[in-house]
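What follows is the content of coords.tsv, which has TSV, C-alpha atoms:
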```
chain	number	residue	atom	x	y	z
M	1	ARG	CA	99.47	60.47	118.08
M	2	LEU	CA	102.10	57.76	117.62
M	3	ARG	CA	103.17	58.12	121.23
M	4	ARG	CA	99.57	57.86	122.41
M	5	LEU	CA	99.12	54.78	120.22
M	6	ASN	CA	102.17	53.18	121.82
M	7	LEU	CA	100.81	54.04	125.24
M	8	VAL	CA	97.41	52.50	124.54
M	9	MET	CA	98.79	49.36	122.89
M	10	LEU	CA	101.83	48.56	125.03
M	11	LEU	CA	101.07	49.88	128.50
M	12	PRO	CA	98.36	47.31	129.34
M	13	PRO	CA	100.57	44.31	128.45
M	14	LEU	CA	103.44	45.89	130.37
M	15	VAL	CA	101.34	46.39	133.50
M	16	VAL	CA	99.58	43.03	133.30
M	17	GLY	CA	102.86	41.23	132.68
M	18	GLY	CA	104.45	42.95	135.67
M	19	MET	CA	101.53	42.08	137.94
M	20	LEU	CA	101.60	38.45	136.86
M	21	LEU	CA	105.34	38.40	137.45
M	22	VAL	CA	104.91	39.61	141.02
M	23	ALA	CA	102.00	37.25	141.67
M	24	VAL	CA	103.72	34.17	140.29
M	25	ARG	CA	107.37	34.68	141.22
M	26	ALA	CA	107.13	36.39	144.61
M	27	GLU	CA	107.53	33.80	147.38
M	28	SER	CA	107.44	36.31	150.23
M	29	TRP	CA	106.28	39.85	150.95
M	30	TRP	CA	109.92	40.96	150.66
M	31	GLN	CA	110.19	39.57	147.12
M	32	ALA	CA	106.77	41.05	146.24
M	33	VAL	CA	107.93	44.54	147.32
M	34	LEU	CA	111.20	44.15	145.45
M	35	LEU	CA	109.64	42.91	142.23
M	36	GLY	CA	106.87	45.50	142.53
M	37	ALA	CA	109.46	48.28	142.72
M	38	GLY	CA	111.03	47.04	139.47
M	39	VAL	CA	107.66	46.87	137.75
M	40	ALA	CA	106.77	50.37	138.98
M	41	ALA	CA	110.04	51.78	137.64
M	42	ALA	CA	109.37	50.14	134.28
M	43	VAL	CA	105.81	51.51	134.07
M	44	VAL	CA	106.79	55.04	135.10
M	45	ALA	CA	109.66	55.10	132.59
M	46	PHE	CA	107.43	53.82	129.79
M	47	VAL	CA	104.65	56.34	130.48
M	48	ARG	CA	107.13	59.24	130.53
M	49	TRP	CA	108.79	57.90	127.38
M	50	ALA	CA	105.44	57.78	125.61
M	51	ALA	CA	104.90	61.41	126.65
M	52	GLY	CA	108.33	62.44	125.38
M	53	GLU	CA	109.46	63.38	128.89
M	54	LEU	CA	111.69	60.42	129.80
M	55	SER	CA	114.64	62.64	130.74
M	56	ARG	CA	112.80	63.80	133.87
M	57	VAL	CA	112.59	60.30	135.39
M	58	ALA	CA	115.35	58.45	133.54
M	59	LEU	CA	117.97	58.52	136.29
M	60	PRO	CA	115.77	57.56	139.29
M	61	CYS	CA	113.99	54.82	137.33
M	62	LEU	CA	117.30	53.44	136.08
M	63	VAL	CA	118.77	53.46	139.62
M	64	VAL	CA	115.70	51.69	141.05
M	65	ALA	CA	115.65	49.08	138.29
M	66	ALA	CA	119.39	48.42	138.62
M	67	ALA	CA	119.10	48.10	142.41
M	68	VAL	CA	116.13	45.73	142.09
M	69	TRP	CA	118.10	43.47	139.75
M	70	LEU	CA	121.14	43.53	142.06
M	71	LEU	CA	119.13	42.71	145.19
M	72	GLY	CA	116.91	40.24	143.40
M	73	ALA	CA	119.83	38.26	141.97
M	74	LEU	CA	122.15	38.33	144.98
M	75	VAL	CA	119.81	38.60	147.99
M	76	ALA	CA	116.24	37.62	147.18
M	77	GLY	CA	117.19	34.85	144.78
M	78	SER	CA	114.62	35.87	142.16
M	79	HIS	CA	115.74	35.78	138.54
M	80	ALA	CA	112.49	37.63	137.59
M	81	ALA	CA	113.97	40.82	139.10
M	82	PHE	CA	115.55	41.65	135.72
M	83	TYR	CA	112.10	42.80	134.45
M	84	GLY	CA	112.63	46.43	135.47
M	85	ILE	CA	116.17	46.84	134.11
M	86	SER	CA	115.24	45.11	130.85
M	87	VAL	CA	112.53	47.74	130.24
M	88	VAL	CA	114.05	50.91	131.70
M	89	GLY	CA	117.53	50.37	130.23
M	90	PRO	CA	116.41	50.00	126.59
M	91	LEU	CA	114.20	53.08	126.98
M	92	VAL	CA	116.97	55.26	128.43
M	93	VAL	CA	120.08	54.24	126.47
M	94	PRO	CA	118.92	55.26	122.93
M	95	ARG	CA	117.86	58.67	124.30
M	96	LEU	CA	121.32	59.55	125.57
M	97	PRO	CA	122.88	62.57	123.78
M	98	ARG	CA	126.14	60.72	123.07
M	99	HIS	CA	128.03	57.45	123.71
M	100	ARG	CA	124.86	55.44	123.19
M	101	GLY	CA	126.74	52.40	121.87
M	102	ALA	CA	129.04	52.29	124.86
M	103	ALA	CA	126.06	52.72	127.19
M	104	ALA	CA	124.25	49.80	125.51
M	105	VAL	CA	127.30	47.58	125.96
M	106	GLY	CA	127.64	48.72	129.57
M	107	LEU	CA	123.98	47.93	130.26
M	108	ALA	CA	124.32	44.40	128.87
M	109	CYS	CA	127.55	43.85	130.81
M	110	TYR	CA	125.94	45.03	134.06
M	111	VAL	CA	122.98	42.65	133.66
M	112	ALA	CA	125.29	39.75	132.80
M	113	ALA	CA	127.78	40.56	135.59
M	114	VAL	CA	125.07	40.75	138.26
M	115	GLY	CA	123.59	37.48	137.04
M	116	ALA	CA	126.99	35.80	136.99
M	117	ALA	CA	127.67	37.03	140.54
M	118	ARG	CA	124.83	34.76	141.60
M	119	LEU	CA	127.33	31.93	141.32
M	120	LEU	CA	129.26	33.41	144.25
M	121	VAL	CA	126.34	33.41	146.68
M	122	SER	CA	124.33	30.37	145.59
M	123	ASP	CA	124.70	26.59	145.60
M	124	GLU	CA	122.50	26.20	142.53
M	125	ALA	CA	123.77	24.37	139.49
M	126	VAL	CA	126.04	26.44	137.28
M	127	ALA	CA	124.02	25.70	134.14
M	128	GLU	CA	120.78	26.78	135.83
M	129	VAL	CA	122.31	30.02	137.09
M	130	LEU	CA	123.82	30.82	133.73
M	131	LEU	CA	120.49	30.21	132.00
M	132	LEU	CA	118.15	31.98	134.44
M	133	TYR	CA	120.42	34.79	135.68
M	134	VAL	CA	122.74	35.46	132.77
M	135	LEU	CA	121.51	34.30	129.36
M	136	ILE	CA	117.79	35.11	129.65
M	137	PRO	CA	118.12	38.54	131.37
M	138	THR	CA	121.05	39.63	129.21
M	139	GLY	CA	119.44	38.34	126.00
M	140	ALA	CA	116.14	40.08	126.75
M	141	THR	CA	117.95	43.32	127.55
M	142	VAL	CA	120.09	43.20	124.40
M	143	VAL	CA	117.12	42.40	122.14
M	144	LEU	CA	114.93	45.17	123.58
M	145	THR	CA	117.79	47.67	123.41
M	146	GLY	CA	118.45	46.74	119.78
M	147	LEU	CA	114.77	47.25	118.95
M	148	MET	CA	114.65	50.66	120.61
M	149	PHE	CA	117.44	52.15	118.49
M	150	PRO	CA	115.46	51.99	115.19
M	151	ASN	CA	112.39	53.06	117.15
M	152	LYS	CA	114.21	56.20	118.23
M	153	ARG	CA	115.34	56.84	114.66
M	154	PHE	CA	111.74	56.51	113.51
M	155	TYR	CA	110.61	59.13	116.02
M	156	ASP	CA	113.51	61.38	115.01
M	157	VAL	CA	112.34	61.23	111.39
M	158	VAL	CA	108.77	62.03	112.42
M	159	ARG	CA	110.03	64.96	114.51
M	160	GLU	CA	112.10	66.25	111.59
M	161	LEU	CA	109.05	66.05	109.33
M	162	GLU	CA	107.01	67.98	111.88
M	163	GLN	CA	109.72	70.62	112.17
M	164	SER	CA	109.97	70.83	108.39
M	165	ARG	CA	106.22	71.36	108.15
M	166	GLU	CA	106.42	74.08	110.79
M	167	ARG	CA	109.27	75.79	108.92
M	168	GLU	CA	107.31	75.61	105.67
M	169	ALA	CA	104.32	77.21	107.40
M	170	GLU	CA	106.54	79.96	108.82
M	171	LEU	CA	108.11	80.49	105.39
M	172	ALA	CA	104.67	80.78	103.82
M	173	VAL	CA	103.76	83.42	106.40
M	174	ILE	CA	106.99	85.32	105.69
M	175	ARG	CA	106.37	85.17	101.95
M	176	GLU	CA	102.86	86.49	102.44
M	177	ARG	CA	104.17	89.31	104.61
M	178	VAL	CA	106.74	90.21	101.95
M	179	ARG	CA	104.04	90.15	99.27
M	180	PHE	CA	101.77	92.30	101.43
M	181	ALA	CA	104.61	94.74	102.12
M	182	GLY	CA	105.37	94.95	98.39
M	183	ASP	CA	101.74	95.62	97.50
M	184	LEU	CA	101.47	98.22	100.25
M	185	HIS	CA	104.64	99.87	98.95
M	186	ASP	CA	103.13	99.96	95.45
M	187	ILE	CA	99.97	101.64	96.69
M	188	GLN	CA	101.39	104.11	99.18
M	189	GLY	CA	104.62	104.93	97.33
M	190	HIS	CA	102.80	105.64	94.09
M	191	THR	CA	100.21	107.80	95.84
M	192	LEU	CA	102.76	109.81	97.82
M	193	HIS	CA	104.70	110.69	94.69
M	194	VAL	CA	101.56	111.78	92.89
M	195	VAL	CA	100.44	113.82	95.90
M	196	LYS	CA	103.86	115.42	96.09
M	197	LEU	CA	103.73	116.47	92.44
M	198	LYS	CA	100.16	117.72	92.59
M	199	ALA	CA	100.77	119.59	95.84
M	200	ALA	CA	103.78	121.32	94.28
M	201	LEU	CA	101.69	122.21	91.23
M	202	ALA	CA	98.83	123.53	93.37
M	203	ARG	CA	101.27	125.63	95.36
M	204	LYS	CA	102.52	127.26	92.15
M	205	LEU	CA	98.99	127.88	90.90
M	206	VAL	CA	97.40	129.09	94.13
M	207	HIS	CA	98.04	132.79	93.29
M	208	SER	CA	97.95	132.68	89.47
M	209	ASP	CA	95.14	130.20	88.80
M	210	ALA	CA	93.04	129.56	91.89
M	211	ASP	CA	90.49	127.40	90.05
M	212	ARG	CA	93.17	125.06	88.72
M	213	ALA	CA	94.80	124.90	92.14
M	214	GLU	CA	91.47	123.99	93.69
M	215	GLU	CA	91.02	121.25	91.09
M	216	GLU	CA	94.44	119.84	91.92
M	217	LEU	CA	93.57	119.82	95.62
M	218	ARG	CA	90.32	117.99	94.87
M	219	GLU	CA	92.29	115.40	92.93
M	220	ILE	CA	94.71	115.04	95.85
M	221	HIS	CA	91.78	114.50	98.20
M	222	ALA	CA	90.24	111.91	95.86
M	223	LEU	CA	93.59	110.17	95.41
M	224	VAL	CA	94.17	109.91	99.16
M	225	SER	CA	90.63	108.57	99.65
M	226	ASP	CA	91.19	106.01	96.90
M	227	THR	CA	94.48	104.96	98.50
M	228	ILE	CA	92.78	104.45	101.85
M	229	THR	CA	90.20	102.26	100.12
M	230	GLN	CA	92.89	100.26	98.33
M	231	SER	CA	94.80	99.78	101.58
M	232	LYS	CA	91.66	98.41	103.25
M	233	GLU	CA	91.03	96.11	100.30
M	234	LEU	CA	94.62	94.90	100.48
M	235	ALA	CA	94.25	94.15	104.18
M	236	TYR	CA	91.22	91.99	103.40
M	237	ALA	CA	92.82	90.46	100.26
M	238	GLN	CA	90.21	92.05	97.98
M	239	ARG	CA	92.38	94.41	95.95
M	240	ARG	CA	92.39	93.85	92.20
M	241	LEU	CA	94.43	96.09	89.93
M	242	ASN	CA	92.89	97.26	86.68
M	243	LEU	CA	95.48	97.56	83.93
M	244	SER	CA	93.53	100.13	81.94
M	245	ALA	CA	93.06	102.29	85.03
M	246	GLU	CA	96.75	101.97	85.90
M	247	LEU	CA	97.66	102.95	82.34
M	248	GLU	CA	95.52	106.07	82.56
M	249	ASN	CA	96.88	106.90	86.02
M	250	ALA	CA	100.46	106.54	84.81
M	251	LYS	CA	99.75	108.77	81.81
M	252	ASN	CA	98.20	111.46	84.02
M	253	LEU	CA	101.05	111.18	86.50
M	254	PHE	CA	103.74	111.66	83.86
M	255	GLU	CA	101.88	114.55	82.28
M	256	ALA	CA	101.53	116.22	85.68
M	257	ALA	CA	105.31	115.92	86.07
M	258	GLY	CA	105.85	117.54	82.67
M	259	ILE	CA	106.90	114.31	80.95
M	260	LEU	CA	105.85	113.61	77.37
M	261	VAL	CA	103.94	110.32	77.24
M	262	ARG	CA	103.18	108.10	74.28
M	263	VAL	CA	100.96	105.04	74.69
M	264	HIS	CA	101.07	102.42	71.97
M	265	ARG	CA	98.49	99.62	72.02
M	266	GLU	CA	98.91	96.47	70.00
M	267	ASP	CA	96.13	94.37	71.54
M	268	ALA	CA	92.38	94.25	71.62
M	269	ALA	CA	90.63	94.13	74.96
M	270	GLY	CA	90.89	90.71	76.60
M	271	ASP	CA	93.83	89.48	74.48
M	272	ARG	CA	96.20	89.00	77.38
M	273	ALA	CA	96.67	86.02	79.66
M	274	GLY	CA	93.71	86.85	81.86
M	275	ARG	CA	92.98	88.59	85.10
M	276	GLY	CA	96.08	87.36	86.94
M	277	ALA	CA	98.42	88.56	84.18
M	278	ASP	CA	96.62	91.90	83.92
M	279	GLU	CA	97.05	92.45	87.66
M	280	LEU	CA	100.77	91.69	87.44
M	281	LEU	CA	101.17	94.01	84.46
M	282	GLY	CA	99.32	96.72	86.37
M	283	GLN	CA	101.64	96.29	89.33
M	284	VAL	CA	104.70	96.42	87.07
M	285	LEU	CA	103.39	99.59	85.40
M	286	ARG	CA	102.73	101.23	88.75
M	287	GLU	CA	106.15	100.29	90.14
M	288	THR	CA	107.86	101.45	86.93
M	289	ALA	CA	106.08	104.81	87.04
M	290	THR	CA	107.19	105.29	90.63
M	291	ASN	CA	110.78	104.37	89.77
M	292	ILE	CA	110.87	106.80	86.83
M	293	LEU	CA	109.79	109.65	89.07
M	294	ARG	CA	112.21	108.71	91.83
M	295	HIS	CA	115.32	107.60	89.97
M	296	ALA	CA	115.26	109.29	86.53
M	297	GLN	CA	115.20	112.79	85.12
M	298	ALA	CA	112.83	111.71	82.38
M	299	THR	CA	111.45	114.00	79.68
M	300	GLN	CA	109.66	111.33	77.66
M	301	VAL	CA	108.15	107.92	78.29
M	302	ARG	CA	106.84	105.38	75.81
M	303	ILE	CA	104.45	102.66	76.98
M	304	THR	CA	103.74	99.73	74.67
M	305	LEU	CA	100.95	97.34	75.58
M	306	SER	CA	100.78	94.11	73.60
M	307	GLY	CA	98.89	90.87	73.71
M	308	SER	CA	101.73	89.18	75.56
M	309	GLY	CA	102.97	91.87	77.92
M	310	ILE	CA	104.02	95.47	78.41
M	311	ALA	CA	107.15	97.55	77.80
M	312	VAL	CA	108.00	100.96	79.27
M	313	VAL	CA	110.92	102.97	77.91
M	314	ASN	CA	112.08	106.27	79.41
M	315	ASP	CA	115.01	108.61	78.97
M	316	GLY	CA	116.88	110.41	81.72
M	317	ALA	CA	118.39	107.27	83.22
M	318	GLU	CA	121.57	107.88	85.16
M	319	ASP	CA	124.82	106.63	83.65
M	320	GLY	CA	126.56	103.80	85.39
M	321	PRO	CA	125.59	100.30	86.50
M	322	LEU	CA	121.98	99.21	86.64
M	323	PRO	CA	120.47	100.53	89.89
M	324	GLU	CA	119.04	98.09	92.40
M	325	LEU	CA	115.26	98.23	92.19
M	326	GLY	CA	113.87	96.16	95.02
M	327	GLY	CA	110.23	96.55	94.01
M	328	LEU	CA	110.83	95.31	90.48
M	329	ALA	CA	112.93	92.43	91.78
M	330	GLY	CA	110.05	91.23	93.92
M	331	LEU	CA	107.62	91.62	91.04
M	332	GLY	CA	110.04	89.73	88.80
M	333	ARG	CA	109.77	86.69	91.05
M	334	ARG	CA	105.99	86.87	90.98
M	335	VAL	CA	105.98	87.24	87.20
M	336	ALA	CA	108.30	84.22	86.92
M	337	ASP	CA	105.96	82.19	89.13
M	338	ALA	CA	103.14	83.07	86.72
M	339	GLY	CA	105.23	81.80	83.76
M	340	GLY	CA	106.41	85.18	82.48
M	341	GLU	CA	109.68	87.06	82.39
M	342	LEU	CA	110.52	90.56	83.59
M	343	GLU	CA	113.40	92.42	81.94
M	344	ALA	CA	115.10	95.62	83.08
M	345	GLU	CA	117.83	97.16	80.90
M	346	GLN	CA	119.73	100.44	80.87
M	347	ASP	CA	121.48	101.68	77.73
M	348	ASN	CA	122.90	105.10	76.87
M	349	GLY	CA	120.56	107.09	79.11
M	350	TRP	CA	117.48	105.00	78.29
M	351	PHE	CA	115.83	102.54	80.62
M	352	LEU	CA	113.62	99.65	79.54
M	353	THR	CA	111.21	97.75	81.77
M	354	ALA	CA	109.37	94.94	80.01
M	355	VAL	CA	107.24	91.96	80.94
M	356	GLU	CA	106.58	89.17	78.47
M	357	PHE	CA	104.31	86.15	78.87
M	358	PRO	CA	104.85	83.16	76.58
M	359	PRO	CA	102.17	82.32	73.99
M	360	PRO	CA	100.79	79.28	75.87
M	361	LEU	CA	99.68	81.59	78.68
M	362	THR	CA	98.16	84.19	76.43
M	363	GLY	CA	95.53	82.04	74.76
M	364	ALA	CA	94.61	82.42	71.13
M	365	ALA	CA	96.11	84.99	68.81
M	366	PRO	CA	94.51	88.43	68.89
M	367	ALA	CA	91.38	88.65	66.81
M	368	ALA	CA	91.95	92.30	65.95
M	369	THR	CA	94.54	94.97	66.51
M	370	ARG	CA	94.38	98.67	66.90
M	371	LYS	CA	96.90	101.39	67.52
M	372	ASP	CA	96.31	104.42	69.59
M	373	ASP	CA	99.16	106.91	70.04
M	374	ARG	CA	98.59	109.76	72.40
```
Encoded form (C-alpha cells):
Amino acid sequence: RLRRLNLVMLLPPLVVGGMLLVAVRAESWWQAVLLGAGVAAAVVAFVRWAAGELSRVALPCLVVAAAVWLLGALVAGSHAAFYGISVVGPLVVPRLPRHRGAAAVGLACYVAAVGAARLLVSDEAVAEVLLLYVLIPTGATVVLTGLMFPNKRFYDVVRELEQSREREAELAVIRERVRFAGDLHDIQGHTLHVVKLKAALARKLVHSDADRAEEELREIHALVSDTITQSKELAYAQRRLNLSAELENAKNLFEAAGILVRVHREDAAGDRAGRGADELLGQVLRETATNILRHAQATQVRITLSGSGIAVVNDGAEDGPLPELGGLAGLGRRVADAGGELEAEQDNGWFLTAVEFPPPLTGAAPAATRKDDR
C-alpha cells in the first residue's frame, strides 16, 4: 500500500516535470529525443521501484540515463539532461546489495565529472558552466540519493514487520497443530489401551463366561464409537472434556487392569476454577491414566480431587531417573498458560502427577466438603 501511495503521489509530478523539461529546454528535435529518453528512463525506473521490481530494469535505465547526461552535457549543450541520472541513480544505489556508499560517491563524481568536462568543449563562462553543469546536477543528485537511503531503511523495517507477522501466523498454526496432535493422542491412545485390556479380558472369558465376554465386547464397541465421535468433535473444535466422566473412566480402566483404585474427593461440585480448568484436569487425568498403564507396573492408584486441582499417585514406577513424558510436558505448558502448575515426581517406586491452580483462579472457598473413598 505504501508503494502504491508513492506511485499515486509522486509519479504525476515526475511525469509532468519531465514533459515540461522537454518542452521548455529542448531547442531542436535532437534535444527533445535526448531529453525524452532521460525522462522515460526515470519514469520506468520509478514505476518498477514502486512495484518492488527495480532490479529488472536498473541496469538499462541507469545506462540510458548516464548516456543522456553525457551526450546532453558534451554534445547537445543541455544542462537539463541531468534529470534522468538524478532520478535513476538515487533509486538504484540504495538498492545495491553491497558497497552502496562507494556507489553513491561514484554516482556524484560521475555527474560532476561529466558537467566539468563541459569546460573542455564549450566557450561558455566558467562560472556559468560550474553552476549549471556541475553544482546544480551534482547537488540534486546528492540530495536525492541521501533522501533515498532512509527511505530504503523505512521499507526494510516495514518488510521485516510483515515477515514477523507472517512468522507469527505460521507459529500460531504450528502451535495449533501441536495442540491438535496432543488432543488426538489423548483420545486415541487412551482408547487403544482400554480396548487392548478389554479385548484381552474378553479373550480369557470367551470360553468360561460367554455373557461377560459379550458384555466386554459391547463396551469395546461403545468405546470405539465414542472415540470416533470425540475425534470428529476435535476436528470441528467442539470437544469438551468432562472431569467427572474422565474420573469414572479412569476408575473403570484401572479396575479392568486389576489395579486397586481409591478416589478421594475434597470439593463440592463447581468449586474449581471453571470449565477451562476442569477440561485441563480431565486431560491430565486421561494422560496420567494412559502413562500408568504404559510405563508402570501399578497395583494401586490413589486419585485426589480438590477445589484447586488434582493429584494422582501410583506405585510400580520404575527405578531410575524420571522418564520423559511428552504428553504431560505439553499439558504442563497449557496448564501454565492457564495460571496453574503441573508437577511430576518419582520417589521410591511411587509416581506423583499433580496439578494445582492458585486461589485467585479458583474463586471463593468451597461452601461444603465431602469425602467419598471407593
Residue with the minimum atom-to-atom distance to Phe180 of chain M, picked from M:Ala256, M:Leu130, M:Leu331, M:Leu120 with only C-alpha atoms counted, is M:Leu331
Mind giving me the straight-line distance from atom CA of Arg265 of chain M to atom CA of Leu253 of chain M in Å, one decimal? 18.7 Å
Do you know which residues are at most 7 Å from segment 79-96 of chain M counting only C-alpha atoms, after dropping those on the same chain fewer than 4 positions away, and could you put them as a PDB file with C-alpha atoms, keeping the file's coordinate frame?
```pdb
ATOM      1  CA  ARG M  25     107.370  34.680 141.220  1.00  0.00           C
ATOM      2  CA  LEU M  35     109.640  42.910 142.230  1.00  0.00           C
ATOM      3  CA  GLY M  38     111.030  47.040 139.470  1.00  0.00           C
ATOM      4  CA  VAL M  39     107.660  46.870 137.750  1.00  0.00           C
ATOM      5  CA  ALA M  41     110.040  51.780 137.640  1.00  0.00           C
ATOM      6  CA  ALA M  42     109.370  50.140 134.280  1.00  0.00           C
ATOM      7  CA  ALA M  45     109.660  55.100 132.590  1.00  0.00           C
ATOM      8  CA  ALA M  58     115.350  58.450 133.540  1.00  0.00           C
ATOM      9  CA  CYS M  61     113.990  54.820 137.330  1.00  0.00           C
ATOM     10  CA  LEU M  62     117.300  53.440 136.080  1.00  0.00           C
ATOM     11  CA  ALA M  65     115.650  49.080 138.290  1.00  0.00           C
ATOM     12  CA  ALA M  66     119.390  48.420 138.620  1.00  0.00           C
ATOM     13  CA  VAL M  68     116.130  45.730 142.090  1.00  0.00           C
ATOM     14  CA  TRP M  69     118.100  43.470 139.750  1.00  0.00           C
ATOM     15  CA  GLY M  72     116.910  40.240 143.400  1.00  0.00           C
ATOM     16  CA  ALA M  73     119.830  38.260 141.970  1.00  0.00           C
ATOM     17  CA  ARG M 100     124.860  55.440 123.190  1.00  0.00           C
ATOM     18  CA  ALA M 103     126.060  52.720 127.190  1.00  0.00           C
ATOM     19  CA  ALA M 104     124.250  49.800 125.510  1.00  0.00           C
ATOM     20  CA  LEU M 107     123.980  47.930 130.260  1.00  0.00           C
ATOM     21  CA  LEU M 132     118.150  31.980 134.440  1.00  0.00           C
ATOM     22  CA  TYR M 133     120.420  34.790 135.680  1.00  0.00           C
ATOM     23  CA  PRO M 137     118.120  38.540 131.370  1.00  0.00           C
ATOM     24  CA  ALA M 140     116.140  40.080 126.750  1.00  0.00           C
ATOM     25  CA  THR M 141     117.950  43.320 127.550  1.00  0.00           C
ATOM     26  CA  LEU M 144     114.930  45.170 123.580  1.00  0.00           C
ATOM     27  CA  THR M 145     117.790  47.670 123.410  1.00  0.00           C
ATOM     28  CA  MET M 148     114.650  50.660 120.610  1.00  0.00           C
ATOM     29  CA  PHE M 149     117.440  52.150 118.490  1.00  0.00           C
ATOM     30  CA  LYS M 152     114.210  56.200 118.230  1.00  0.00           C
TER      31      LYS M 152
END
```
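With distances taken over all atoms listed in the file, M:Glu287 is the one residue among M:Glu168, M:Glu160, M:Glu318, M:Glu287 lying closest to Ala250 of chain M.
Between Gln346 of chain M and the candidates M:Ala200, M:Ala50, M:Asp319, M:Ala329, the tightest atom-to-atom separation, counting only C-alpha atoms, involves M:Asp319.
If you count only C-alpha atoms and ignore residues fewer than 6 places along the chain from Trp30 of chain M, what sits within 12 Å of it is Val22, Gly36, Ala37, Val68, Leu71, Gly72, Val75, Ala76, Gly77 and Ser78 of chain M.
Relative to atom CA of His190 of chain M, atom CA of His221 of chain M is found at 14.7 Å.
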Work out how far apart atom CA of Ala108 of chain M and atom CA of Ile136 of chain M are and give it in Å to one decimal. 11.4 Å
Place a sphere of radius 12 Å on (95.3, 102.0, 85.6) in the file coordinates and name every protein, DNA or RNA residue with an atom inside or on its surface, counting only C-alpha atoms; give the answer as a PDB file with C-alpha atoms, keeping the file's coordinate frame.
```pdb
ATOM      1  CA  HIS M 190     102.800 105.640  94.090  1.00  0.00           C
ATOM      2  CA  ARG M 240      92.390  93.850  92.200  1.00  0.00           C
ATOM      3  CA  LEU M 241      94.430  96.090  89.930  1.00  0.00           C
ATOM      4  CA  ASN M 242      92.890  97.260  86.680  1.00  0.00           C
ATOM      5  CA  LEU M 243      95.480  97.560  83.930  1.00  0.00           C
ATOM      6  CA  SER M 244      93.530 100.130  81.940  1.00  0.00           C
ATOM      7  CA  ALA M 245      93.060 102.290  85.030  1.00  0.00           C
ATOM      8  CA  GLU M 246      96.750 101.970  85.900  1.00  0.00           C
ATOM      9  CA  LEU M 247      97.660 102.950  82.340  1.00  0.00           C
ATOM     10  CA  GLU M 248      95.520 106.070  82.560  1.00  0.00           C
ATOM     11  CA  ASN M 249      96.880 106.900  86.020  1.00  0.00           C
ATOM     12  CA  ALA M 250     100.460 106.540  84.810  1.00  0.00           C
ATOM     13  CA  LYS M 251      99.750 108.770  81.810  1.00  0.00           C
ATOM     14  CA  ASN M 252      98.200 111.460  84.020  1.00  0.00           C
ATOM     15  CA  LEU M 253     101.050 111.180  86.500  1.00  0.00           C
ATOM     16  CA  ASP M 278      96.620  91.900  83.920  1.00  0.00           C
ATOM     17  CA  GLU M 279      97.050  92.450  87.660  1.00  0.00           C
ATOM     18  CA  LEU M 280     100.770  91.690  87.440  1.00  0.00           C
ATOM     19  CA  LEU M 281     101.170  94.010  84.460  1.00  0.00           C
ATOM     20  CA  GLY M 282      99.320  96.720  86.370  1.00  0.00           C
ATOM     21  CA  GLN M 283     101.640  96.290  89.330  1.00  0.00           C
ATOM     22  CA  VAL M 284     104.700  96.420  87.070  1.00  0.00           C
ATOM     23  CA  LEU M 285     103.390  99.590  85.400  1.00  0.00           C
ATOM     24  CA  ARG M 286     102.730 101.230  88.750  1.00  0.00           C
ATOM     25  CA  GLU M 287     106.150 100.290  90.140  1.00  0.00           C
ATOM     26  CA  ALA M 289     106.080 104.810  87.040  1.00  0.00           C
TER      27      ALA M 289
END
```
Box for segment 128-131 of chain M: with edges along x, y and z, all listed atoms inside and 5 Å added on each side, what are the centre and edge lengths in Å to one decimal, as AutoDock Vina command-line options?
```
--center_x 122.2 --center_y 28.8 --center_z 134.5 --size_x 13.3 --size_y 14.0 --size_z 15.1
```
Show which residues sit within 9 Å of Leu7 of chain M, as a VMD selection string. Count only C-alpha atoms, and ignore same-chain residues fewer than 5 positions away. chain M and resid 2 12 46 to 47 50 to 51
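Using only C-alpha atoms, the nearest neighbour of Glu343 of chain M within the list M:Pro60, M:Pro13, M:Gly309, M:Gly320 is M:Gly309.
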Might you pull out every residue within 10 Å of Thr299 of chain M, with all atoms listed in the file counted and same-chain residues fewer than 5 positions away left off, and present them as number ranges by chain? M: 254-255, 257-261, 314-316
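Minimum atom-to-atom distances from M:Val111, M:Leu328, M:Ile174, M:Ile303 to Asp186 of chain M were compared using all atoms listed in the file, and the lowest value belongs to M:Leu328.
Nearest residue to Val134 of chain M, choosing from M:Gly307, M:Gly115, M:Gly52, M:Gly146 and counting all atoms listed in the file: M:Gly115.
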Using the incomplete input, complete segment 75-81 of chain M to the level of N, CA, C and O atoms; output as a PDB file, keeping the file's coordinate frame.
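Below is the file that was written, out-v5.pdb:
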```
ATOM      1  N   VAL M  75     120.397  38.705 146.648  1.00  0.00           N
ATOM      2  CA  VAL M  75     119.810  38.600 147.990  1.00  0.00           C
ATOM      3  C   VAL M  75     118.513  37.808 147.976  1.00  0.00           C
ATOM      4  O   VAL M  75     118.361  36.831 148.717  1.00  0.00           O
ATOM      5  N   ALA M  76     117.556  38.250 147.157  1.00  0.00           N
ATOM      6  CA  ALA M  76     116.240  37.620 147.180  1.00  0.00           C
ATOM      7  C   ALA M  76     116.205  36.304 146.417  1.00  0.00           C
ATOM      8  O   ALA M  76     115.291  35.501 146.591  1.00  0.00           O
ATOM      9  N   GLY M  77     117.170  36.097 145.543  1.00  0.00           N
ATOM     10  CA  GLY M  77     117.190  34.850 144.780  1.00  0.00           C
ATOM     11  C   GLY M  77     116.064  34.756 143.778  1.00  0.00           C
ATOM     12  O   GLY M  77     115.531  33.657 143.551  1.00  0.00           O
ATOM     13  N   SER M  78     115.709  35.864 143.143  1.00  0.00           N
ATOM     14  CA  SER M  78     114.620  35.870 142.160  1.00  0.00           C
ATOM     15  C   SER M  78     115.164  36.335 140.811  1.00  0.00           C
ATOM     16  O   SER M  78     115.524  37.508 140.638  1.00  0.00           O
ATOM     17  N   HIS M  79     115.215  35.395 139.848  1.00  0.00           N
ATOM     18  CA  HIS M  79     115.740  35.780 138.540  1.00  0.00           C
ATOM     19  C   HIS M  79     114.752  36.670 137.782  1.00  0.00           C
ATOM     20  O   HIS M  79     115.114  37.289 136.777  1.00  0.00           O
ATOM     21  N   ALA M  80     113.482  36.772 138.239  1.00  0.00           N
ATOM     22  CA  ALA M  80     112.490  37.630 137.590  1.00  0.00           C
ATOM     23  C   ALA M  80     112.744  39.110 137.875  1.00  0.00           C
ATOM     24  O   ALA M  80     112.087  39.977 137.282  1.00  0.00           O
ATOM     25  N   ALA M  81     113.693  39.425 138.743  1.00  0.00           N
ATOM     26  CA  ALA M  81     113.970  40.820 139.100  1.00  0.00           C
ATOM     27  C   ALA M  81     114.575  41.611 137.944  1.00  0.00           C
ATOM     28  O   ALA M  81     114.694  42.847 138.022  1.00  0.00           O
TER      29      ALA M  81
END
```
